[in-house]
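Pasted below: my_file13.cif, mmCIF, C-alpha atoms.
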```
data_run
#
loop_
_atom_site.label_atom_id
_atom_site.label_comp_id
_atom_site.auth_asym_id
_atom_site.auth_seq_id
_atom_site.Cartn_x
_atom_site.Cartn_y
_atom_site.Cartn_z
CA MET P 1 72.37 87.22 106.27
CA ASN P 2 74.03 88.32 103.02
CA ARG P 3 71.08 90.66 102.29
CA THR P 4 71.53 92.27 105.73
CA LYS P 5 75.25 92.83 105.04
CA TRP P 6 74.43 94.53 101.74
CA LEU P 7 71.95 96.86 103.47
CA ILE P 8 74.65 98.18 105.83
CA HIS P 9 77.47 98.15 103.30
CA PRO P 10 79.06 101.63 102.86
CA VAL P 11 78.80 101.47 99.05
CA PHE P 12 75.09 100.65 99.20
CA ILE P 13 74.44 103.45 101.71
CA LEU P 14 76.42 105.91 99.54
CA VAL P 15 74.45 105.02 96.40
CA ILE P 16 71.10 105.27 98.21
CA SER P 17 72.07 108.64 99.76
CA ILE P 18 73.09 110.14 96.41
CA LEU P 19 69.99 108.77 94.67
CA ALA P 20 67.78 110.24 97.41
CA LEU P 21 69.47 113.64 97.13
CA VAL P 22 69.30 113.73 93.31
CA THR P 23 65.67 112.53 93.36
CA SER P 24 64.69 115.25 95.85
CA LEU P 25 66.31 117.89 93.61
CA PHE P 26 64.54 116.50 90.53
CA LEU P 27 61.17 116.43 92.32
CA TYR P 28 61.68 119.98 93.53
CA ILE P 29 62.42 121.24 89.99
CA TYR P 30 59.52 119.21 88.58
CA TRP P 31 57.20 120.56 91.27
CA TYR P 32 58.35 124.13 90.58
CA ILE P 33 57.78 123.77 86.82
CA GLU P 34 54.26 122.39 87.42
CA ILE P 35 53.44 125.19 89.87
CA SER P 36 54.87 127.82 87.52
CA SER P 37 52.75 126.52 84.63
CA GLY P 38 49.65 126.67 86.81
CA LEU P 39 50.44 130.20 88.00
CA LYS P 40 51.14 131.35 84.44
CA SER P 41 47.75 130.14 83.23
CA ILE P 42 46.04 131.91 86.17
CA VAL P 43 47.96 135.13 85.47
CA GLU P 44 46.97 135.04 81.80
CA ARG P 45 43.34 134.25 82.57
CA PHE P 46 42.87 137.10 85.06
CA ASN P 47 45.29 139.50 83.38
CA LEU P 48 47.44 139.93 86.50
CA ASP P 49 50.88 141.47 86.92
CA THR P 50 53.40 138.66 86.19
CA GLY P 51 56.07 140.34 88.34
CA GLN P 52 54.06 139.54 91.46
CA PHE P 53 54.07 135.80 90.77
CA LEU P 54 56.85 134.84 88.38
CA THR P 55 60.21 136.39 89.18
CA SER P 56 63.23 136.06 86.94
CA GLN P 57 65.38 135.22 89.99
CA THR P 58 63.73 131.86 90.55
CA TRP P 59 65.67 130.02 87.87
CA PHE P 60 68.87 131.53 89.24
CA VAL P 61 67.93 130.13 92.66
CA ILE P 62 67.34 126.70 91.11
CA MET P 63 70.72 126.86 89.38
CA VAL P 64 72.46 127.77 92.65
CA LEU P 65 70.57 125.00 94.41
CA THR P 66 71.73 122.52 91.77
CA VAL P 67 75.36 123.61 92.24
CA LEU P 68 75.03 123.28 96.01
CA VAL P 69 73.59 119.80 95.65
CA GLY P 70 76.53 118.92 93.40
CA VAL P 71 78.92 120.19 96.07
CA ILE P 72 77.09 118.14 98.70
CA ILE P 73 77.35 115.01 96.53
CA MET P 74 81.07 115.65 96.02
CA GLY P 75 81.50 116.11 99.77
CA ILE P 76 79.67 112.87 100.49
CA PHE P 77 81.88 111.06 97.98
CA ILE P 78 85.10 112.49 99.48
CA ILE P 79 84.00 111.50 102.99
CA PHE P 80 83.13 108.06 101.69
CA VAL P 81 86.56 107.60 100.07
CA TYR P 82 88.29 108.88 103.21
CA ASN P 83 86.33 106.47 105.39
CA LEU P 84 87.19 103.58 103.08
CA LYS P 85 90.88 104.47 103.33
CA THR P 86 90.58 104.75 107.11
CA LEU P 87 88.90 101.34 107.26
CA ARG P 88 91.59 99.86 105.03
CA LEU P 89 94.34 101.35 107.23
CA TYR P 90 92.62 99.95 110.31
CA ARG P 91 92.56 96.49 108.76
CA LEU P 92 96.22 96.77 107.77
CA GLN P 93 97.13 97.85 111.31
CA HIS P 94 95.11 94.99 112.74
CA ASN P 95 96.90 92.60 110.40
CA PHE P 96 100.24 94.17 111.35
CA ILE P 97 99.57 93.77 115.09
CA ASN P 98 98.57 90.13 114.68
CA ASN P 99 101.55 89.22 112.54
CA PHE P 100 104.07 91.41 114.34
CA THR P 101 102.98 89.90 117.67
CA HIS P 102 103.62 86.52 116.07
CA GLU P 103 107.03 87.77 114.85
CA LEU P 104 107.95 88.82 118.40
CA LYS P 105 106.44 85.84 120.18
CA THR P 106 108.25 83.20 118.12
CA PRO P 107 111.85 84.20 119.00
CA VAL P 108 110.89 84.95 122.63
CA THR P 109 109.38 81.46 122.98
CA SER P 110 112.46 79.98 121.35
CA LEU P 111 114.83 81.87 123.66
CA LYS P 112 112.84 80.75 126.70
CA LEU P 113 113.02 77.12 125.57
CA TYR P 114 116.81 77.24 125.08
CA LEU P 115 117.35 78.91 128.46
CA GLU P 116 115.20 76.28 130.19
CA THR P 117 117.28 73.62 128.43
CA PHE P 118 120.46 75.17 129.84
CA LEU P 119 118.95 75.12 133.36
CA LYS P 120 117.63 71.56 133.27
CA TYR P 121 120.39 69.63 131.50
CA GLU P 122 124.14 69.31 131.52
CA LEU P 123 125.18 70.10 127.95
CA SER P 124 128.43 69.48 126.19
CA ARG P 125 130.48 72.41 124.95
CA GLU P 126 129.44 71.66 121.39
CA GLU P 127 125.75 71.66 122.28
CA GLN P 128 126.16 74.85 124.29
CA LEU P 129 127.70 76.61 121.28
CA LYS P 130 124.96 75.32 119.00
CA TYR P 131 122.15 76.54 121.25
CA THR P 132 123.97 79.83 121.84
CA GLN P 133 124.05 80.42 118.09
CA TYR P 134 120.31 79.75 117.92
CA MET P 135 119.71 82.22 120.74
CA LEU P 136 121.88 84.87 119.08
CA SER P 137 119.89 84.38 115.87
CA ASP P 138 116.60 84.84 117.74
CA ALA P 139 117.96 87.90 119.57
CA GLY P 140 119.03 89.37 116.22
CA ARG P 141 115.56 88.76 114.83
CA LEU P 142 114.01 90.59 117.79
CA SER P 143 116.48 93.43 117.40
CA ASP P 144 115.64 93.82 113.70
CA ASP P 145 111.91 94.03 114.40
CA ILE P 146 112.36 96.58 117.18
CA ASN P 147 114.71 98.66 115.03
CA ARG P 148 112.12 98.76 112.23
CA ILE P 149 109.54 100.21 114.65
CA LEU P 150 112.03 102.78 115.95
CA ASN P 151 113.12 103.70 112.42
CA LEU P 152 109.50 104.10 111.34
CA ALA P 153 108.86 106.51 114.21
CA GLN P 154 112.02 108.44 113.37
CA ILE P 155 111.16 108.82 109.69
CA GLU P 156 107.47 109.66 110.13
CA SER P 157 108.25 112.27 112.79
CA LYS P 158 111.00 113.68 110.52
CA SER P 159 113.36 113.70 113.48
CA TYR P 160 116.30 112.37 111.48
CA VAL P 161 119.36 114.56 111.13
CA ASP P 162 119.07 116.34 107.82
CA GLU P 163 122.80 116.27 106.97
CA TYR P 164 123.52 115.21 103.42
CA VAL P 165 127.04 114.08 102.53
CA LEU P 166 128.43 113.68 99.02
CA GLN P 167 129.60 110.05 98.74
CA SER P 168 130.51 107.48 96.14
CA LEU P 169 127.56 105.09 96.18
CA PRO P 170 129.54 101.97 95.09
CA GLU P 171 132.07 102.62 97.86
CA THR P 172 129.29 103.28 100.37
CA ILE P 173 127.59 99.98 99.54
CA GLU P 174 130.92 98.12 99.60
CA HIS P 175 131.73 99.59 103.02
CA PHE P 176 128.26 98.66 104.30
CA TYR P 177 128.70 95.08 103.10
CA GLN P 178 132.17 94.72 104.63
CA SER P 179 131.00 96.19 107.94
CA ASN P 180 128.05 93.79 108.11
CA SER P 181 129.57 90.74 106.42
CA HIS P 182 128.95 88.66 109.56
CA LEU P 183 125.21 88.99 108.86
CA PHE P 184 125.56 87.62 105.33
CA ARG P 185 128.06 84.78 105.81
CA ASN P 186 126.16 82.14 103.86
CA CYS P 187 125.24 84.49 101.01
CA ASP P 188 126.81 85.28 97.67
CA ILE P 189 126.77 89.06 97.35
CA GLU P 190 128.55 90.68 94.43
CA ILE P 191 128.90 94.41 93.95
CA HIS P 192 129.57 95.14 90.29
CA GLN P 193 131.69 98.27 90.31
CA PRO P 194 130.83 100.70 87.48
CA GLU P 195 133.63 101.16 84.94
CA LYS P 196 135.02 104.70 84.64
CA GLU P 197 131.65 106.19 85.62
CA PRO P 198 131.67 108.32 88.80
CA PHE P 199 128.68 107.50 90.96
CA PHE P 200 128.51 110.29 93.55
CA TYR P 201 125.33 111.41 95.29
CA ARG P 202 124.38 113.41 98.37
CA ILE P 203 122.94 111.04 100.98
CA ILE P 204 122.13 110.88 104.67
CA PRO P 205 124.53 108.01 105.59
CA SER P 206 122.44 106.58 108.46
CA MET P 207 119.28 106.59 106.35
CA PHE P 208 121.01 105.09 103.33
CA GLU P 209 122.43 102.27 105.47
CA MET P 210 118.91 101.62 106.76
CA LEU P 211 117.71 101.31 103.17
CA LEU P 212 120.53 98.88 102.32
CA MET P 213 119.94 96.78 105.42
CA ASN P 214 116.26 96.32 104.58
CA LEU P 215 116.95 95.42 100.94
CA PHE P 216 119.73 92.96 101.86
CA THR P 217 117.82 91.23 104.66
CA ASP P 218 114.61 90.95 102.62
CA ALA P 219 116.51 89.43 99.68
CA ILE P 220 117.87 86.78 102.06
CA LYS P 221 114.74 86.31 104.14
CA TYR P 222 112.47 85.71 101.16
CA ASN P 223 114.79 83.17 99.59
CA ASP P 224 114.59 79.39 99.37
CA ALA P 225 117.86 78.91 97.46
CA THR P 226 120.72 76.92 99.01
CA ILE P 227 122.92 79.99 98.68
CA PRO P 228 121.04 83.31 98.52
CA ARG P 229 122.57 85.60 95.93
CA ILE P 230 122.40 89.36 95.45
CA ASP P 231 123.91 91.17 92.47
CA ILE P 232 124.24 94.93 92.81
CA LEU P 233 124.61 96.79 89.52
CA PHE P 234 125.07 100.48 88.71
CA GLU P 235 123.76 102.28 85.66
CA LYS P 236 123.52 105.85 84.37
CA GLN P 237 120.52 106.54 82.19
CA HIS P 238 119.04 109.86 80.97
CA LYS P 239 120.27 111.96 83.90
CA LYS P 240 119.39 109.22 86.36
CA LEU P 241 121.53 107.12 88.68
CA ILE P 242 120.12 103.61 88.96
CA ILE P 243 121.21 100.95 91.46
CA ARG P 244 119.70 97.52 90.87
CA PHE P 245 119.52 94.87 93.59
CA LYS P 246 118.92 91.57 91.83
CA ASP P 247 118.27 88.44 93.91
CA ASN P 248 117.48 84.77 93.36
CA GLY P 249 114.69 84.73 95.93
CA ILE P 250 111.12 83.44 95.89
CA GLY P 251 109.99 86.20 93.53
CA ILE P 252 106.89 88.36 93.67
CA ASP P 253 103.52 87.81 92.04
CA LYS P 254 102.79 90.59 89.55
CA SER P 255 99.58 91.48 91.39
CA GLU P 256 101.65 92.25 94.50
CA LEU P 257 104.33 94.46 92.90
CA LYS P 258 102.57 97.78 93.49
CA LYS P 259 101.38 96.84 96.96
CA ILE P 260 104.58 95.74 98.67
CA PHE P 261 105.72 99.30 99.45
CA LYS P 262 102.53 100.14 101.36
CA LYS P 263 102.60 100.55 105.11
CA PHE P 264 101.94 97.30 107.02
CA TYR P 265 101.41 95.39 103.76
CA GLN P 266 102.45 91.76 103.92
CA VAL P 267 102.45 89.25 101.11
CA GLY P 268 99.61 86.83 101.82
CA ARG P 269 95.99 87.18 102.89
CA SER P 270 95.21 89.56 105.72
CA ASP P 271 93.84 86.69 107.81
CA ASP P 272 96.71 84.34 106.99
CA MET P 273 99.31 84.02 109.74
CA SER P 274 101.79 82.61 107.21
CA ALA P 275 102.37 86.16 105.94
CA LYS P 276 106.01 86.97 106.58
CA GLY P 277 107.61 89.98 108.20
CA SER P 278 106.24 93.12 109.81
CA GLY P 279 105.18 94.87 106.60
CA LEU P 280 107.49 97.80 107.37
CA GLY P 281 110.80 97.01 105.64
CA LEU P 282 109.92 98.08 102.08
CA TYR P 283 107.74 100.92 103.38
CA LEU P 284 110.87 102.31 105.06
CA VAL P 285 112.89 101.76 101.88
CA ASP P 286 110.31 103.68 99.84
CA HIS P 287 110.31 106.62 102.25
CA ILE P 288 114.10 106.76 102.48
CA ALA P 289 114.29 106.83 98.68
CA LYS P 290 111.85 109.78 98.67
CA ILE P 291 113.90 111.57 101.34
CA HIS P 292 116.79 111.37 98.85
CA LYS P 293 114.51 112.71 96.07
CA GLY P 294 114.45 109.32 94.37
CA LYS P 295 112.14 106.32 94.13
CA ILE P 296 112.29 102.55 94.47
CA THR P 297 110.68 100.12 92.02
CA ALA P 298 110.27 96.34 91.99
CA GLU P 299 110.27 93.89 89.11
CA SER P 300 109.79 90.12 89.03
CA ASP P 301 108.96 87.52 86.41
CA GLY P 302 106.78 85.74 88.96
CA LEU P 303 106.99 83.37 91.89
CA GLY P 304 110.22 81.40 92.09
CA LYS P 305 112.03 83.68 89.62
CA GLY P 306 113.68 86.20 91.90
CA ALA P 307 113.18 89.95 92.00
CA VAL P 308 114.95 93.16 91.05
CA PHE P 309 114.66 96.28 93.21
CA SER P 310 115.85 99.46 91.49
CA LEU P 311 116.78 102.61 93.37
CA ILE P 312 116.42 105.50 90.93
CA LEU P 313 118.07 108.82 91.88
CA PRO P 314 118.21 112.05 89.88
CA SER P 315 121.68 112.75 88.46
CA ARG P 316 123.10 116.21 88.98
CA ASP P 317 125.51 116.05 86.01
#
```
Could I get this file's structure written as structure tokens?
Amino acid sequence: MNRTKWLIHPVFILVISILALVTSLFLYIYWYIEISSGLKSIVERFNLDTGQFLTSQTWFVIMVLTVLVGVIIMGIFIIFVYNLKTLRLYRLQHNFINNFTHELKTPVTSLKLYLETFLKYELSREEQLKYTQYMLSDAGRLSDDINRILNLAQIESKSYVDEYVLQSLPETIEHFYQSNSHLFRNCDIEIHQPEKEPFFYRIIPSMFEMLLMNLFTDAIKYNDATIPRIDILFEKQHKKLIIRFKDNGIGIDKSELKKIFKKFYQVGRSDDMSAKGSGLGLYLVDHIAKIHKGKITAESDGLGKGAVFSLILPSRD
């Protein structure tokens, strides 16, 4: 069975195809050289006109043929790489659908269970409030997932309003936190205001808030601490504005650091339903950073040691 899989593996087929093409070119050149040698000896023996048999253009034709074969090999390789990327994207989408369906199904099932409980039993006011809070939490989870899909469509179609506004980034983040404090009640979030340093930048407010929401919620979601903590620090460095979001979460394995910003990527094996999230949050963050001519990076000392996400923007000073 393993031998059969190797025979139909794209890498194996690519190697065999290139070897066959190169071998055919080599045999053609070898055959031509042998034929030319034979013709030359006949021409010399019978004292014939060499121009009728051996033309100077033949080697030029061989050279052109070699270049064309090289182009064909390059084309095959490019198609092969493209197909591999397409296959990888298909697997990521398949993984996304499986896990995102799970993300949607869980709160829906929970909501249905609570509603059936309300219908079947007489509940005290205290129990009603408790179950209502659970239902609101599940509804919020559904809303977040749906918003990520809508935001993804908006960004990829470039249908967002391209209106940049010059704002103080510390004040913008402070305002965002105060406006959404009800979402982070049990969290310790500290915004370290920069001393004497102006931190202005042209942003699209709605997009920037989307970026903040994803960074905040991920820092809390991927966190096993009793009190999730986020420290937000500002730094100016070599004509760059840097905002660091430091959390005390579960951390990130170093092998995952460069992968987490990819579309549909989820920490965990592709066939593992324990993978969290939709795989879109950090992808959106990365694209929003690029829209603002910046970039987002991630650092972590390993699992259980928290993570630092740095938004790096070009300074216009």
Counting all atoms listed in the file, the option among P:Lys262, P:Gln237, P:Leu152, P:Leu303 closest to Asn223 of chain P: P:Leu303
Interatomic distance, atom CA of Ala298 of chain P to atom CA of Arg202 of chain P (Å, one decimal):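 Distance between the two atoms: 23.0 Å.
In this model, the gap between atom CA of Glu197 of chain P and atom CA of Phe234 of chain P comes to 9.2 Å.
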Counting all atoms listed in the file, figure out which residue out of P:Ser110, P:Leu282, P:Glu171, P:Lys236 gets nearest to Tyr265 of chain P. P:Leu282
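Residues captured in this structure file are Pro170, Glu171, Ile173, Glu174, His175, Phe176, Tyr177, Gln178, Pro194, Glu195, Phe216, Thr217, Ile220, Thr226, Ile227, Pro228, Arg229, Ile230, Asp231, Ile232, Leu233 and Phe234 of chain P, according to the PyMOL selection byres ((chain P and resi 179-193) around 9).
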Report as JSON, numbers by chain all protein, DNA and RNA residues lying within 12 Å of Leu21 of chain P, evaluated on all atoms listed in the file, omitting residues in the same chain fewer than 5 positions from it. {"P": [14, 15, 16, 26, 27, 28, 65, 66, 68, 69, 70, 71, 72, 73, 74, 76]}
Expansion of the PyMOL selection byres ((chain P and resi 308-313) around 9) into residues, as JSON, numbers by chain: {"P": [201, 215, 239, 240, 241, 242, 243, 244, 245, 246, 247, 251, 289, 292, 293, 294, 295, 296, 297, 298, 299, 300, 306, 307, 314, 315]}
Show me, as a VMD selection string, the residues that have an atom within 7 Å of segment 254-257 of chain P when counting only C-alpha atoms, minus same-chain residues fewer than 2 positions from it. chain P and resid 252 259 to 260 298 302
How many Å separate atom CA of Lys112 of chain P from atom CA of Arg148 of chain P?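 Computing the Euclidean distance for atom CA of Lys112 of chain P and atom CA of Arg148 of chain P yields 23.1 Å.
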Nearest to Gly304 of chain P: which of P:Ala225, P:Leu19, P:Leu104, P:Ile29 is it, counting all atoms listed in the file?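 Using all atoms listed in the file, the shortest distance to Gly304 of chain P belongs to P:Ala225.
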Using all atoms listed in the file - which residues lie no farther than 12 Å from the point (118.1, 90.8, 112.1) in the file's frame? Write them as an MDAnalysis selection string. chainID P and resid 103 107 136:148 180 182:184 213:214 216:218 220:221 277 281
Across P:Leu89, P:Leu169, P:Ile250, P:Leu280, the smallest distance to Pro198 of chain P, with all atoms listed in the file counted, is shown by P:Leu169
